[in-house]
Amino acid sequence: MSAGSPGKKPAPRRRRSMTAVLAVLAASTSAAALVSCSTDNGNNSSSSVSPRATPPNTASFSGTPPSAMASAAKSAVASAKAEASAAASSASARASEFEASVSAEVERANAAAASELMKVKGQGNATADVALTGKPRSQTGGVFAVVVNITNRTDKKASYAVQVDFKDADGKVVETRYVGAENLDPGERAQPLAISRKPPEMKLTAKVAKAQRY
């Protein structure tokens with residue numbers, strides 16, 4: 001068969017070129033279809049395009065937002081105040097519970113002592129007859145209390161009124177309590193308690209501010 005014969009098959013190189021052209025056309029058609037789907041602005045509800053979120057307009061905002069440090073500081077201050085208030089309330093409650101164990105007669109004597117001392121100027125006439133000793137906190141529910149030792153050093157029956165001041169570490173009077181003892185015989189001793197209602201954490205000292213024999 002001659003080279004110009006009509007029945008001769010195409011050469012392999014020509015077939016490969018045609019195949020490559022068809023592949024390029026197919027790829028271009030697919031890419032065009034994808035672009036068309038992603039940019040379609042019609043009423044097609046299946047579109048995957050989502051609207052972009054719009055940031056808030058801060059032009060109308062006023063003031064400056066608190067920093068994390070400022071917020072933490074305010075929180076710490078509020079927490080400290082709450083703890084201090086709770087501690088004071090707890091100390092007062094414990095003092096009340098301890099005082100509840102004291103007889104009504106002693107409470108009446110203490111009220112009479114406060115009334116009597118309102119009339120006294122200066123330290124009174126019986127400071128030498130009064131001394132203070134500490135009371136273990138294990139016996140007072142943790143509150144600060146002192147025993148007021150009152151001794152009638154006269155030869156006649158007498159009643160006593162005593163003012164006890166509680167001072168802080170700086171020497172400032174932060175609390176005042178009144179105790180009394182009535183109708184003590186000569187040489188007789190009474191030992192009422194002066195109880196602080198301040199938080200147990202406070203470093204307090206007690207001092208006889210006034211003592212009156214009547």
# chains A, B, ... in the order shown; residues from 1 in each chain; ligands from 1
call {"tool": "residues_around", "arguments": {"residues": "A:Tyr160", "least_positions_apart": "6", "cutoff": "12 Å", "atoms": "only C-alpha atoms", "output": "VMD selection string"}}
result
chain A and resid 109 to 117 124 to 130 148 to 154 178 to 185 188 to 192 210 to 214
call {"tool": "residues_around", "arguments": {"residues": "stretch 201-204 of chain A", "least_positions_apart": "3", "cutoff": "6 Å", "atoms": "only C-alpha atoms", "output": "number ranges by chain"}}
result
A: 167-169
call {"tool": "atom_distance", "arguments": {"atom1": "atom CA of A:Ala194", "atom2": "atom CA of A:Asp155"}}
result
26.6 Å
call {"tool": "atom_distance", "arguments": {"atom1": "atom CA of A:Val146", "atom2": "atom CA of A:Asp170"}}
result
19.6 Å
call {"tool": "atom_distance", "arguments": {"atom1": "atom CA of A:Gln163", "atom2": "atom CA of A:Val208"}}
result
6.0 Å
call {"tool": "closest_residue", "arguments": {"among": "A:Thr140, A:Thr176, A:Ser159, A:Ser90", "to": "A:Ala206", "atoms": "only C-alpha atoms"}}
result
A:Thr176
call {"tool": "select_by_dssp", "arguments": {"residues": "stretch 95-160 of chain A", "states": "strand (DSSP E)", "output": "list of chain:residue names"}}
result
A:Val130, A:Ala131, A:Leu132, A:Thr133, A:Gly134, A:Ala145, A:Val146, A:Val147, A:Val148, A:Asn149, A:Ile150, A:Thr151, A:Ala158, A:Ser159, A:Tyr160
call {"tool": "decode", "arguments": {"residues": "stretch 128-149 of chain A", "atoms": "N, CA, C and O atoms", "output": "tab-separated table (two decimals), in the first residue's frame"}}
result
chain	number	residue	atom	x	y	z
A	128	ALA	N	-8.42	52.50	141.85
A	128	ALA	CA	-7.49	51.65	142.59
A	128	ALA	C	-8.13	50.34	143.01
A	128	ALA	O	-7.41	49.39	143.38
A	129	ASP	N	-9.44	50.26	142.95
A	129	ASP	CA	-10.15	49.04	143.36
A	129	ASP	C	-10.44	48.12	142.18
A	129	ASP	O	-11.10	47.08	142.37
A	130	VAL	N	-9.97	48.48	141.00
A	130	VAL	CA	-10.31	47.72	139.79
A	130	VAL	C	-9.04	47.30	139.06
A	130	VAL	O	-8.11	48.09	138.90
A	131	ALA	N	-9.02	46.06	138.58
A	131	ALA	CA	-7.91	45.54	137.78
A	131	ALA	C	-8.48	44.64	136.68
A	131	ALA	O	-9.52	44.01	136.87
A	132	LEU	N	-7.78	44.58	135.56
A	132	LEU	CA	-8.22	43.77	134.42
A	132	LEU	C	-7.31	42.56	134.22
A	132	LEU	O	-6.09	42.67	134.35
A	133	THR	N	-7.91	41.44	133.88
A	133	THR	CA	-7.14	40.25	133.47
A	133	THR	C	-7.77	39.69	132.21
A	133	THR	O	-8.99	39.80	131.99
A	134	GLY	N	-6.94	39.07	131.37
A	134	GLY	CA	-7.43	38.54	130.11
A	134	GLY	C	-8.28	37.29	130.30
A	134	GLY	O	-8.13	36.54	131.26
A	135	LYS	N	-9.18	37.09	129.34
A	135	LYS	CA	-10.03	35.90	129.31
A	135	LYS	C	-9.63	35.08	128.10
A	135	LYS	O	-9.59	35.60	126.97
A	136	PRO	N	-9.30	33.78	128.26
A	136	PRO	CA	-8.91	32.97	127.10
A	136	PRO	C	-9.99	32.98	126.02
A	136	PRO	O	-11.17	32.80	126.31
A	137	ARG	N	-9.55	33.16	124.78
A	137	ARG	CA	-10.51	33.18	123.66
A	137	ARG	C	-11.20	31.84	123.47
A	137	ARG	O	-12.29	31.77	122.89
A	138	SER	N	-10.55	30.78	123.92
A	138	SER	CA	-11.18	29.46	123.81
A	138	SER	C	-12.44	29.36	124.66
A	138	SER	O	-13.27	28.48	124.44
A	139	GLN	N	-12.59	30.28	125.60
A	139	GLN	CA	-13.76	30.28	126.48
A	139	GLN	C	-14.79	31.34	126.09
A	139	GLN	O	-15.84	31.44	126.72
A	140	THR	N	-14.47	32.13	125.06
A	140	THR	CA	-15.37	33.22	124.68
A	140	THR	C	-15.86	33.12	123.24
A	140	THR	O	-16.43	34.08	122.70
A	141	GLY	N	-15.62	31.98	122.59
A	141	GLY	CA	-16.03	31.84	121.20
A	141	GLY	C	-15.15	32.61	120.25
A	141	GLY	O	-15.53	32.89	119.11
A	142	GLY	N	-13.93	32.97	120.70
A	142	GLY	CA	-12.99	33.67	119.82
A	142	GLY	C	-12.98	35.18	119.98
A	142	GLY	O	-12.10	35.85	119.45
A	143	VAL	N	-13.97	35.76	120.68
A	143	VAL	CA	-14.01	37.21	120.83
A	143	VAL	C	-13.06	37.66	121.95
A	143	VAL	O	-12.66	36.87	122.81
A	144	PHE	N	-12.69	38.96	121.92
A	144	PHE	CA	-11.79	39.50	122.92
A	144	PHE	C	-12.60	39.95	124.13
A	144	PHE	O	-13.55	40.73	124.01
A	145	ALA	N	-12.22	39.45	125.30
A	145	ALA	CA	-12.93	39.81	126.53
A	145	ALA	C	-11.93	39.88	127.68
A	145	ALA	O	-10.90	39.20	127.67
A	146	VAL	N	-12.24	40.72	128.66
A	146	VAL	CA	-11.39	40.82	129.85
A	146	VAL	C	-12.26	40.68	131.09
A	146	VAL	O	-13.46	41.02	131.10
A	147	VAL	N	-11.64	40.14	132.14
A	147	VAL	CA	-12.30	40.03	133.44
A	147	VAL	C	-12.02	41.32	134.20
A	147	VAL	O	-10.87	41.75	134.33
A	148	VAL	N	-13.09	41.96	134.67
A	148	VAL	CA	-12.96	43.20	135.44
A	148	VAL	C	-13.03	42.81	136.93
A	148	VAL	O	-14.11	42.50	137.45
A	149	ASN	N	-11.89	42.83	137.56
A	149	ASN	CA	-11.80	42.45	138.98
A	149	ASN	C	-12.09	43.67	139.86
A	149	ASN	O	-11.29	44.61	139.90
